[in-house]
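K.L.:
Just so it is clear, I am handing over data_27.txt, which has compact mmCIF, C-alpha atoms (C1' of nucleotides).
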# COMPACT_ATOMS: atom_id res chain seq x y z
CA MET A 12 -13.10 17.45 12.96
CA ARG A 13 -10.10 16.40 15.00
CA GLU A 14 -8.72 18.75 17.58
CA ILE A 15 -5.26 20.02 16.87
CA GLY A 16 -2.89 20.96 19.64
CA PRO A 17 -1.15 24.34 19.84
CA GLY A 18 2.32 23.12 18.94
CA GLU A 19 1.12 20.63 16.39
CA LEU A 20 1.21 21.48 12.72
CA ASP A 21 0.67 18.82 10.11
CA PRO A 22 2.84 19.05 6.98
CA TYR A 23 0.12 20.09 4.60
CA GLN A 24 -3.13 18.58 5.68
CA GLN A 25 -5.57 19.05 8.50
CA GLY A 26 -3.81 21.83 10.36
CA CYS A 27 -2.24 23.76 7.51
CA PRO A 28 -2.45 27.55 7.64
CA THR A 29 -5.02 27.80 4.88
CA ARG A 30 -7.29 25.41 6.69
CA ARG A 31 -7.10 27.28 9.97
CA ILE A 32 -7.59 30.65 8.35
CA LEU A 33 -10.55 29.24 6.52
CA ASP A 34 -12.07 28.31 9.83
CA LEU A 35 -11.46 31.88 10.89
CA ILE A 36 -13.08 33.68 8.01
CA GLY A 37 -15.41 30.79 7.30
CA GLY A 38 -18.41 32.35 8.95
CA ARG A 39 -20.81 34.20 6.70
CA TRP A 40 -20.24 37.40 8.64
CA THR A 41 -16.49 37.74 9.03
CA VAL A 42 -15.79 38.75 5.47
CA LEU A 43 -18.68 41.20 5.45
CA ILE A 44 -17.56 42.86 8.66
CA VAL A 45 -13.99 43.23 7.45
CA GLY A 46 -15.37 44.68 4.25
CA ALA A 47 -17.64 47.07 6.11
CA LEU A 48 -14.78 48.30 8.21
CA GLY A 49 -12.34 48.78 5.39
CA SER A 50 -10.20 51.69 6.42
CA ALA A 51 -12.96 53.25 8.48
CA THR A 52 -13.60 53.32 12.20
CA LEU A 53 -17.11 52.35 13.09
CA ARG A 54 -19.19 52.08 16.19
CA PHE A 55 -21.01 48.93 17.16
CA SER A 56 -24.36 50.31 16.11
CA ASP A 57 -22.92 51.52 12.81
CA LEU A 58 -21.77 48.03 11.98
CA LEU A 59 -25.08 46.63 13.03
CA ARG A 60 -26.72 48.87 10.45
CA ARG A 61 -24.16 48.50 7.69
CA VAL A 62 -23.90 44.75 7.75
CA ASP A 63 -27.47 44.22 6.76
CA GLY A 64 -29.21 41.31 8.38
CA ILE A 65 -26.67 40.49 11.05
CA SER A 66 -27.93 40.01 14.58
CA GLN A 67 -26.34 41.73 17.49
CA LYS A 68 -25.27 38.38 18.81
CA MET A 69 -23.35 37.39 15.71
CA LEU A 70 -21.83 40.84 15.37
CA THR A 71 -20.49 40.67 18.90
CA GLN A 72 -19.29 37.13 18.47
CA THR A 73 -17.53 37.76 15.19
CA LEU A 74 -15.95 40.99 16.38
CA ARG A 75 -14.64 39.20 19.45
CA ALA A 76 -13.04 36.54 17.30
CA LEU A 77 -11.48 39.11 15.00
CA GLU A 78 -10.17 41.04 17.97
CA ARG A 79 -8.75 37.93 19.54
CA ASP A 80 -6.89 37.17 16.32
CA GLY A 81 -5.49 40.66 16.14
CA LEU A 82 -7.33 41.71 13.00
CA VAL A 83 -9.65 44.18 14.64
CA ILE A 84 -8.95 46.77 17.31
CA ARG A 85 -11.61 47.67 19.83
CA THR A 86 -11.53 51.02 21.55
CA VAL A 87 -13.79 51.93 24.44
CA THR A 88 -14.45 55.55 25.31
CA ALA A 89 -16.03 55.92 28.72
CA GLU A 90 -18.59 58.58 28.03
CA VAL A 91 -22.08 58.76 29.38
CA PRO A 92 -23.50 56.40 26.84
CA VAL A 93 -20.52 54.15 26.31
CA LYS A 94 -18.82 54.53 22.95
CA VAL A 95 -17.09 51.54 21.42
CA GLU A 96 -15.27 51.81 18.14
CA TYR A 97 -13.88 49.16 15.88
CA ARG A 98 -11.26 49.40 13.20
CA LEU A 99 -9.00 47.04 11.33
CA SER A 100 -5.47 46.52 12.59
CA ALA A 101 -2.55 46.70 10.20
CA ALA A 102 -2.85 42.96 9.68
CA GLY A 103 -6.58 43.19 9.24
CA LEU A 104 -6.10 45.86 6.64
CA THR A 105 -3.91 43.57 4.55
CA LEU A 106 -6.76 41.09 4.47
CA THR A 107 -8.99 43.49 2.60
CA GLU A 108 -6.89 43.09 -0.54
CA PRO A 109 -7.45 39.39 -1.20
CA LEU A 110 -11.05 39.84 -0.12
CA LYS A 111 -11.48 42.63 -2.61
CA ALA A 112 -10.21 40.32 -5.32
CA LEU A 113 -12.81 37.79 -4.29
CA GLU A 114 -15.50 40.44 -4.36
CA LEU A 115 -14.57 41.45 -7.88
CA TRP A 116 -14.67 37.84 -8.93
CA SER A 117 -18.12 37.51 -7.40
CA ILE A 118 -19.44 40.48 -9.32
CA ASP A 119 -17.88 39.25 -12.53
CA HIS A 120 -19.26 35.75 -12.30
CA PHE A 121 -22.50 36.28 -10.48
CA ALA A 122 -24.71 36.32 -13.52
CA GLY A 123 -23.00 33.31 -15.06
CA ILE A 124 -23.33 31.26 -11.94
CA MET A 125 -26.97 32.10 -11.51
CA ALA A 126 -27.58 31.20 -15.14
CA ALA A 127 -25.78 27.87 -14.71
CA ARG A 128 -27.85 27.20 -11.65
CA ARG A 129 -31.06 27.98 -13.48
CA ASP A 130 -30.18 25.87 -16.49
CA HIS A 131 -28.88 22.99 -14.48
CA GLU A 132 -32.17 21.19 -14.56
CA ILE A 133 -35.30 22.36 -16.21
CA PRO A 134 -37.66 20.18 -14.14
CA ASP A 135 -39.52 18.79 -17.14
CA SER A 136 -39.54 20.13 -20.68
CA THR A 137 -41.57 17.18 -22.02
CA MET B 13 -32.14 34.82 6.70
CA ARG B 14 -34.80 36.08 4.35
CA GLU B 15 -35.43 34.22 1.13
CA ILE B 16 -34.67 36.17 -2.01
CA GLY B 17 -36.50 35.57 -5.23
CA PRO B 18 -34.75 34.76 -8.51
CA GLY B 19 -35.38 38.08 -10.19
CA GLU B 20 -34.89 40.11 -7.07
CA LEU B 21 -31.61 41.84 -6.47
CA ASP B 22 -31.26 44.33 -3.65
CA PRO B 23 -29.14 47.41 -4.37
CA TYR B 24 -26.25 46.49 -2.18
CA GLN B 25 -27.50 44.57 0.77
CA GLN B 26 -28.86 41.16 1.50
CA GLY B 27 -28.84 39.72 -1.97
CA CYS B 28 -25.78 41.36 -3.44
CA PRO B 29 -23.46 39.20 -5.54
CA THR B 30 -20.76 39.04 -2.90
CA ARG B 31 -23.24 37.83 -0.36
CA ARG B 32 -24.55 35.07 -2.57
CA ILE B 33 -21.13 33.96 -3.69
CA LEU B 34 -20.09 33.88 -0.07
CA ASP B 35 -22.89 31.47 0.61
CA LEU B 36 -21.59 29.43 -2.27
CA ILE B 37 -17.98 29.13 -1.25
CA GLY B 38 -18.82 29.59 2.40
CA GLY B 39 -18.56 25.94 3.27
CA ARG B 40 -15.26 24.83 4.70
CA TRP B 41 -14.80 22.37 1.87
CA THR B 42 -15.55 24.29 -1.31
CA VAL B 43 -12.35 26.27 -1.30
CA LEU B 44 -10.28 23.21 -0.52
CA ILE B 45 -11.85 21.20 -3.32
CA VAL B 46 -11.33 23.95 -5.85
CA GLY B 47 -7.75 24.18 -4.67
CA ALA B 48 -7.25 20.43 -4.89
CA LEU B 49 -8.56 20.38 -8.42
CA GLY B 50 -6.58 23.33 -9.67
CA SER B 51 -5.88 22.57 -13.28
CA ALA B 52 -5.97 18.83 -12.72
CA THR B 53 -8.62 16.23 -13.44
CA LEU B 54 -9.28 14.00 -10.48
CA ARG B 55 -11.44 11.05 -9.69
CA PHE B 56 -13.83 10.98 -6.78
CA SER B 57 -11.56 8.77 -4.73
CA ASP B 58 -8.57 10.95 -5.52
CA LEU B 59 -10.36 13.96 -4.13
CA LEU B 60 -11.43 11.99 -1.11
CA ARG B 61 -7.80 11.31 -0.38
CA ARG B 62 -6.39 14.70 -1.27
CA VAL B 63 -8.86 16.75 0.68
CA ASP B 64 -7.83 15.34 3.99
CA GLY B 65 -10.56 14.85 6.52
CA ILE B 66 -13.54 15.34 4.25
CA SER B 67 -16.30 12.80 4.47
CA GLN B 68 -17.66 11.18 1.35
CA LYS B 69 -20.98 12.78 2.05
CA MET B 70 -19.60 16.31 2.08
CA LEU B 71 -17.44 15.66 -0.96
CA THR B 72 -20.45 14.55 -2.95
CA GLN B 73 -22.58 17.39 -1.68
CA THR B 74 -20.01 20.08 -2.39
CA LEU B 75 -19.14 18.70 -5.81
CA ARG B 76 -22.82 18.67 -6.73
CA ALA B 77 -23.16 22.30 -5.73
CA LEU B 78 -20.07 23.28 -7.70
CA GLU B 79 -21.33 21.40 -10.71
CA ARG B 80 -24.74 23.00 -10.46
CA ASP B 81 -23.12 26.42 -10.45
CA GLY B 82 -21.02 25.60 -13.47
CA LEU B 83 -17.68 25.72 -11.72
CA VAL B 84 -16.92 22.03 -11.89
CA ILE B 85 -17.42 19.58 -14.74
CA ARG B 86 -18.30 15.99 -14.01
CA THR B 87 -17.49 13.31 -16.54
CA VAL B 88 -18.70 9.74 -16.21
CA THR B 89 -16.96 6.94 -18.08
CA ALA B 90 -19.02 3.76 -18.13
CA GLU B 91 -16.34 1.20 -17.55
CA VAL B 92 -16.58 -1.89 -15.43
CA PRO B 93 -15.93 -0.06 -12.23
CA VAL B 94 -17.49 3.28 -13.01
CA LYS B 95 -15.03 6.09 -13.47
CA VAL B 96 -16.07 9.62 -12.59
CA GLU B 97 -13.76 12.51 -13.13
CA TYR B 98 -13.97 16.08 -11.95
CA ARG B 99 -12.26 19.15 -13.25
CA LEU B 100 -12.73 22.87 -13.04
CA SER B 101 -14.65 24.64 -15.78
CA ALA B 102 -13.25 27.77 -17.35
CA ALA B 103 -15.18 29.82 -14.81
CA GLY B 104 -14.02 27.59 -11.98
CA LEU B 105 -10.46 28.04 -13.08
CA THR B 106 -10.72 31.80 -12.77
CA LEU B 107 -11.74 31.33 -9.17
CA THR B 108 -8.41 29.79 -8.29
CA GLU B 109 -6.67 33.12 -8.67
CA PRO B 110 -8.41 35.05 -5.90
CA LEU B 111 -8.31 31.93 -3.79
CA LYS B 112 -4.60 31.66 -4.30
CA ALA B 113 -4.23 35.22 -3.07
CA LEU B 114 -6.15 34.27 0.03
CA GLU B 115 -3.96 31.25 0.55
CA LEU B 116 -0.83 33.36 0.35
CA TRP B 117 -2.30 35.75 2.84
CA SER B 118 -3.05 32.85 5.16
CA ILE B 119 0.49 31.61 5.02
CA ASP B 120 1.88 35.08 5.56
CA HIS B 121 -0.28 35.88 8.55
CA PHE B 122 -0.76 32.50 10.13
CA ALA B 123 1.98 32.85 12.72
CA GLY B 124 0.93 36.36 13.63
CA ILE B 125 -2.66 35.39 14.12
CA MET B 126 -1.80 32.41 16.24
CA ALA B 127 0.46 34.60 18.33
CA ALA B 128 -2.26 37.18 18.79
CA ARG B 129 -4.65 34.47 19.77
CA ARG B 130 -2.20 33.10 22.31
CA ASP B 131 -1.41 36.48 23.82
CA HIS B 132 -4.98 37.64 23.88
CA GLU B 133 -5.49 36.57 27.44
CA ILE B 134 -2.90 35.07 29.65
CA PRO B 135 -5.38 33.50 32.08
CA ASP B 136 -3.73 34.89 35.21
CA SER B 137 -0.29 36.41 35.53
CA THR B 138 -0.82 37.30 39.20
C1' DC C 17 -25.08 52.45 23.81
C1' DG C 18 -23.00 48.07 23.81
C1' DG C 19 -23.30 44.33 25.16
C1' DA C 20 -24.27 39.37 28.02
C1' DA C 21 -27.31 35.48 28.83
C1' DT C 22 -30.79 32.26 27.77
C1' DC C 23 -33.83 29.66 24.91
C1' DC C 24 -34.53 27.00 21.08
C1' DG C 25 -35.33 25.92 16.05
C1' DA C 26 -32.59 25.15 11.85
C1' DT C 27 -28.64 23.62 9.65
C1' DT C 28 -24.27 21.21 9.37
C1' DG C 29 -21.90 17.32 8.98
C1' DG C 30 -19.89 12.76 10.58
C1' DA C 31 -20.73 7.63 10.92
C1' DT C 32 -22.72 3.89 9.08
C1' DA C 33 -25.00 0.86 6.00
C1' DC C 34 -26.58 -0.23 1.52
C1' DT C 35 -26.53 -0.06 -3.97
C1' DG C 36 -25.50 -0.31 -9.28
C1' DC D 24 -15.75 2.82 -7.71
C1' DA D 25 -18.94 6.26 -6.78
C1' DG D 26 -22.24 7.21 -4.85
C1' DT D 27 -27.36 7.31 -1.95
C1' DA D 28 -29.95 7.10 2.35
C1' DT D 29 -30.66 7.39 7.21
C1' DC D 30 -29.63 8.57 11.82
C1' DC D 31 -28.14 11.61 15.06
C1' DA D 32 -24.86 14.89 17.64
C1' DA D 33 -23.02 19.30 17.52
C1' DT D 34 -22.95 23.80 16.08
C1' DC D 35 -25.04 27.96 14.23
C1' DG D 36 -27.59 31.60 14.80
C1' DG D 37 -32.03 34.37 15.45
C1' DA D 38 -35.28 36.31 19.01
C1' DT D 39 -35.78 37.91 23.31
C1' DT D 40 -34.71 39.68 27.81
C1' DC D 41 -31.83 41.95 31.04
C1' DC D 42 -27.77 44.90 32.53
C1' DG D 43 -24.01 48.78 33.45
Give the structure from the file, written as structure tokens.
P.N.:
Amino acid sequence: MREIGPGELDPYQQGCPTRRILDLIGGRWTVLIVGALGSATLRFSDLLRRVDGISQKMLTQTLRALERDGLVIRTVTAEVPVKVEYRLSAAGLTLTEPLKALELWSIDHFAGIMAARRDHEIPDST
Amino acid sequence: MREIGPGELDPYQQGCPTRRILDLIGGRWTVLIVGALGSATLRFSDLLRRVDGISQKMLTQTLRALERDGLVIRTVTAEVPVKVEYRLSAAGLTLTEPLKALELWSIDHFAGIMAARRDHEIPDST
DNA sequence: CGGAATCCGATTGGATACTG
DNA sequence: CAGTATCCAATCGGATTCCG
């Protein structure tokens, strides 16, 4: 994939908004983390538990990216054991709507897709 | 990532519909291909041109996956140079709606995100 | 508690060459 | 035209260890 400069912005191809946002939420974890946060405020360890299967590395990495892009707000409270909380920003909160639509679609079409996948090729039915 | 059997379906964790669908449309190309197709019928070479930057390998691979899952229909016409056309199935067509919502969100928030990313750390302002 | 750092296997995906 | 096949570099991402 070509590198695209900061000021550059192709008409409607490589560097179009959709493409760049797709790179942002492209990871398997981003969407799940945003969904887990919703309108709640969660600690690092909470997220680690709620987003089942994520490693601490990926959680950190994804949260950092979301924070950098202004979708997640990180708050550190300097207590004895450090307390770090994450919540969606106003912008991040707006993202939950289209994602919710996608989630509903997934639930609606899950069975159909799995059926299509199963039927796609019955290895050998003589 | 653990493997999940066909009949298995965790309550709301690893194997939930959203998770599996995310794996499906997770690739950077799936969404773009579905968007390129829309309600149109396109040939392989058309798609190769419209989805800017995709390699022929990834186009084939992604189309195969979409076909397997019943979202895309592949039609072969045995002419002298073979003609292969792709279009969205009824199910595939329903996917364009939530994706469109996501696209609108991207356009709306693109500038803001890029700004946040830029401001996130001014390397050194003395 | 909330990470950072390192190691390293698995997967992704482009480039290229060949085929019916 | 519409692929298939192979090679290989880069990235992803889990496991583990260490730190303030």
K.L.:
Can you list, as a count of residues only, every protein, DNA or RNA residue that comes within 7 Å of range 54-58 of chain B when you count only C-alpha atoms (C1' of nucleotides), leaving out same-chain residues fewer than 4 positions away?
P.N.:
7
K.L.:
What does chain B look like once superposed on chain A, all Cα atoms paired in sequence order, least squares? Give it as an mmCIF file with C-alpha atoms, in the coordinates of the input.
P.N.:
data_model
loop_
_atom_site.group_PDB
_atom_site.id
_atom_site.type_symbol
_atom_site.label_atom_id
_atom_site.label_comp_id
_atom_site.auth_asym_id
_atom_site.auth_seq_id
_atom_site.Cartn_x
_atom_site.Cartn_y
_atom_site.Cartn_z
ATOM 1 C CA MET B 13 -13.014 17.231 13.015
ATOM 2 C CA ARG B 14 -9.980 16.252 15.020
ATOM 3 C CA GLU B 15 -8.606 18.673 17.564
ATOM 4 C CA ILE B 16 -5.133 19.954 16.831
ATOM 5 C CA GLY B 17 -2.757 20.964 19.553
ATOM 6 C CA PRO B 18 -1.089 24.380 19.711
ATOM 7 C CA GLY B 19 2.384 23.231 18.785
ATOM 8 C CA GLU B 20 1.217 20.690 16.279
ATOM 9 C CA LEU B 21 1.284 21.521 12.616
ATOM 10 C CA ASP B 22 0.659 18.827 10.042
ATOM 11 C CA PRO B 23 2.777 18.986 6.882
ATOM 12 C CA TYR B 24 0.038 20.027 4.556
ATOM 13 C CA GLN B 25 -3.188 18.531 5.700
ATOM 14 C CA GLN B 26 -5.653 19.017 8.475
ATOM 15 C CA GLY B 27 -3.938 21.776 10.362
ATOM 16 C CA CYS B 28 -2.324 23.708 7.556
ATOM 17 C CA PRO B 29 -2.499 27.503 7.700
ATOM 18 C CA THR B 30 -5.066 27.771 4.940
ATOM 19 C CA ARG B 31 -7.320 25.366 6.729
ATOM 20 C CA ARG B 32 -7.160 27.242 9.996
ATOM 21 C CA ILE B 33 -7.606 30.624 8.400
ATOM 22 C CA LEU B 34 -10.576 29.236 6.545
ATOM 23 C CA ASP B 35 -12.123 28.323 9.844
ATOM 24 C CA LEU B 36 -11.455 31.861 10.930
ATOM 25 C CA ILE B 37 -13.043 33.710 8.062
ATOM 26 C CA GLY B 38 -15.369 30.837 7.305
ATOM 27 C CA GLY B 39 -18.373 32.390 8.951
ATOM 28 C CA ARG B 40 -20.728 34.226 6.660
ATOM 29 C CA TRP B 41 -20.217 37.423 8.608
ATOM 30 C CA THR B 42 -16.470 37.787 9.044
ATOM 31 C CA VAL B 43 -15.785 38.778 5.479
ATOM 32 C CA LEU B 44 -18.664 41.222 5.445
ATOM 33 C CA ILE B 45 -17.539 42.885 8.656
ATOM 34 C CA VAL B 46 -13.981 43.247 7.453
ATOM 35 C CA GLY B 47 -15.351 44.710 4.253
ATOM 36 C CA ALA B 48 -17.635 47.096 6.111
ATOM 37 C CA LEU B 49 -14.768 48.329 8.218
ATOM 38 C CA GLY B 50 -12.306 48.772 5.402
ATOM 39 C CA SER B 51 -10.175 51.689 6.426
ATOM 40 C CA ALA B 52 -12.940 53.247 8.484
ATOM 41 C CA THR B 53 -13.574 53.334 12.212
ATOM 42 C CA LEU B 54 -17.105 52.366 13.087
ATOM 43 C CA ARG B 55 -19.187 52.074 16.181
ATOM 44 C CA PHE B 56 -21.018 48.922 17.129
ATOM 45 C CA SER B 57 -24.356 50.320 16.061
ATOM 46 C CA ASP B 58 -22.904 51.536 12.785
ATOM 47 C CA LEU B 59 -21.748 48.044 11.968
ATOM 48 C CA LEU B 60 -25.089 46.647 12.984
ATOM 49 C CA ARG B 61 -26.700 48.873 10.410
ATOM 50 C CA ARG B 62 -24.135 48.521 7.659
ATOM 51 C CA VAL B 63 -23.890 44.774 7.738
ATOM 52 C CA ASP B 64 -27.462 44.247 6.755
ATOM 53 C CA GLY B 65 -29.211 41.317 8.320
ATOM 54 C CA ILE B 66 -26.667 40.489 10.987
ATOM 55 C CA SER B 67 -27.955 39.933 14.473
ATOM 56 C CA GLN B 68 -26.379 41.712 17.399
ATOM 57 C CA LYS B 69 -25.324 38.381 18.766
ATOM 58 C CA MET B 70 -23.362 37.407 15.673
ATOM 59 C CA LEU B 71 -21.846 40.862 15.355
ATOM 60 C CA THR B 72 -20.517 40.681 18.884
ATOM 61 C CA GLN B 73 -19.318 37.132 18.458
ATOM 62 C CA THR B 74 -17.532 37.772 15.181
ATOM 63 C CA LEU B 75 -15.965 41.008 16.376
ATOM 64 C CA ARG B 76 -14.648 39.228 19.457
ATOM 65 C CA ALA B 77 -13.058 36.557 17.306
ATOM 66 C CA LEU B 78 -11.486 39.137 15.013
ATOM 67 C CA GLU B 79 -10.175 41.050 17.980
ATOM 68 C CA ARG B 80 -8.763 37.922 19.553
ATOM 69 C CA ASP B 81 -6.897 37.169 16.348
ATOM 70 C CA GLY B 82 -5.493 40.661 16.168
ATOM 71 C CA LEU B 83 -7.321 41.701 13.036
ATOM 72 C CA VAL B 84 -9.650 44.191 14.648
ATOM 73 C CA ILE B 85 -8.951 46.787 17.322
ATOM 74 C CA ARG B 86 -11.613 47.670 19.837
ATOM 75 C CA THR B 87 -11.528 51.028 21.556
ATOM 76 C CA VAL B 88 -13.818 51.923 24.432
ATOM 77 C CA THR B 89 -14.470 55.551 25.314
ATOM 78 C CA ALA B 90 -16.078 55.925 28.724
ATOM 79 C CA GLU B 91 -18.596 58.610 28.002
ATOM 80 C CA VAL B 92 -22.106 58.837 29.316
ATOM 81 C CA PRO B 93 -23.487 56.455 26.780
ATOM 82 C CA VAL B 94 -20.521 54.189 26.268
ATOM 83 C CA LYS B 95 -18.829 54.553 22.926
ATOM 84 C CA VAL B 96 -17.090 51.560 21.399
ATOM 85 C CA GLU B 97 -15.261 51.834 18.150
ATOM 86 C CA TYR B 98 -13.867 49.172 15.880
ATOM 87 C CA ARG B 99 -11.245 49.412 13.214
ATOM 88 C CA LEU B 100 -8.978 47.067 11.353
ATOM 89 C CA SER B 101 -5.456 46.516 12.624
ATOM 90 C CA ALA B 102 -2.538 46.684 10.241
ATOM 91 C CA ALA B 103 -2.833 42.938 9.730
ATOM 92 C CA GLY B 104 -6.582 43.195 9.270
ATOM 93 C CA LEU B 105 -6.084 45.846 6.661
ATOM 94 C CA THR B 106 -3.903 43.555 4.587
ATOM 95 C CA LEU B 107 -6.747 41.079 4.519
ATOM 96 C CA THR B 108 -8.961 43.474 2.623
ATOM 97 C CA GLU B 109 -6.877 43.068 -0.500
ATOM 98 C CA PRO B 110 -7.455 39.372 -1.156
ATOM 99 C CA LEU B 111 -11.035 39.835 -0.078
ATOM 100 C CA LYS B 112 -11.464 42.613 -2.566
ATOM 101 C CA ALA B 113 -10.215 40.294 -5.284
ATOM 102 C CA LEU B 114 -12.826 37.786 -4.240
ATOM 103 C CA GLU B 115 -15.503 40.434 -4.308
ATOM 104 C CA LEU B 116 -14.566 41.435 -7.831
ATOM 105 C CA TRP B 117 -14.688 37.832 -8.871
ATOM 106 C CA SER B 118 -18.141 37.523 -7.342
ATOM 107 C CA ILE B 119 -19.432 40.483 -9.256
ATOM 108 C CA ASP B 120 -17.895 39.253 -12.479
ATOM 109 C CA HIS B 121 -19.278 35.750 -12.232
ATOM 110 C CA PHE B 122 -22.521 36.287 -10.402
ATOM 111 C CA ALA B 123 -24.736 36.344 -13.473
ATOM 112 C CA GLY B 124 -23.030 33.338 -14.990
ATOM 113 C CA ILE B 125 -23.389 31.289 -11.869
ATOM 114 C CA MET B 126 -27.020 32.154 -11.449
ATOM 115 C CA ALA B 127 -27.614 31.243 -15.067
ATOM 116 C CA ALA B 128 -25.864 27.923 -14.646
ATOM 117 C CA ARG B 129 -27.898 27.251 -11.576
ATOM 118 C CA ARG B 130 -31.109 28.045 -13.417
ATOM 119 C CA ASP B 131 -30.259 25.923 -16.434
ATOM 120 C CA HIS B 132 -28.953 23.031 -14.427
ATOM 121 C CA GLU B 133 -32.233 21.211 -14.521
ATOM 122 C CA ILE B 134 -35.301 22.351 -16.291
ATOM 123 C CA PRO B 135 -37.698 20.196 -14.260
ATOM 124 C CA ASP B 136 -39.477 18.715 -17.275
ATOM 125 C CA SER B 137 -39.359 19.917 -20.851
ATOM 126 C CA THR B 138 -41.483 17.005 -22.097
#
K.L.:
Would you write out, as CSV, a table of all residues in chain B that have an atom no more than 8 Å from an atom of chain A, listing for each the closest atom pair and the distance in Å to one decimal, considering only C-alpha atoms and ordering rows by chain and rising residue number?
P.N.:
residue,atom,partner,partner_atom,distance
B:Met13,CA,A:Gly64,CA,7.3
B:Gln25,CA,A:Asp63,CA,6.0
B:Gln26,CA,A:Asp63,CA,6.2
B:Pro29,CA,A:Ile118,CA,5.7
B:Thr30,CA,A:Ser117,CA,5.4
B:Ile33,CA,A:Ser117,CA,6.0
B:Leu34,CA,A:Arg39,CA,6.8
B:Asp35,CA,A:Arg39,CA,7.0
B:Gly38,CA,A:Gly37,CA,6.1
B:Gly39,CA,A:Gly37,CA,7.0
B:Arg40,CA,A:Gly37,CA,6.5
B:Val63,CA,A:Gln24,CA,7.8
B:Asp64,CA,A:Gln24,CA,6.0
B:Gly65,CA,A:Gln25,CA,6.8
B:Arg80,CA,A:Arg128,CA,5.4
B:Asp81,CA,A:Arg128,CA,4.9
B:Gly82,CA,A:Ala127,CA,5.4
B:Leu83,CA,A:Ile124,CA,7.9
B:Ala103,CA,A:His120,CA,7.6
B:Leu107,CA,A:Trp116,CA,7.1
B:Pro110,CA,A:Leu113,CA,5.4
B:Leu111,CA,A:Leu113,CA,7.4
B:Ala113,CA,A:Pro109,CA,5.6
B:Leu114,CA,A:Pro109,CA,5.4
B:Glu115,CA,A:Thr29,CA,5.6
B:Trp117,CA,A:Leu106,CA,7.1
B:Ser118,CA,A:Thr29,CA,5.4
B:Ile119,CA,A:Pro28,CA,5.7
B:His121,CA,A:Ala102,CA,7.6
B:Phe122,CA,A:Pro28,CA,5.8
B:Ile125,CA,A:Asp80,CA,5.1
B:Met126,CA,A:Asp80,CA,7.0
B:Ala128,CA,A:Asp80,CA,5.2
B:Arg129,CA,A:Asp80,CA,4.9
B:His132,CA,A:Arg79,CA,5.8
K.L.:
Identify all chain A residues at most 9 Å from chain D by counting all atoms listed in the file; ligands do not count. Present them as a list of chain:residue names.
P.N.:
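Listing them in order of chain and number gives A:Ser66, A:Lys68, A:Met69.
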K.L.:
If you measure from CA of Val93 in chain A to C1' of DG19 in chain C, what distance in Å do you get, rounded to one decimal?
P.N.:
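That distance, rounded to one decimal, is 10.3 Å.
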K.L.:
What gap, in Å, lies between CA of Thr87 in chain B and C1' of DA33 in chain C?
P.N.:
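Distance reported for this atom pair: 26.8 Å.
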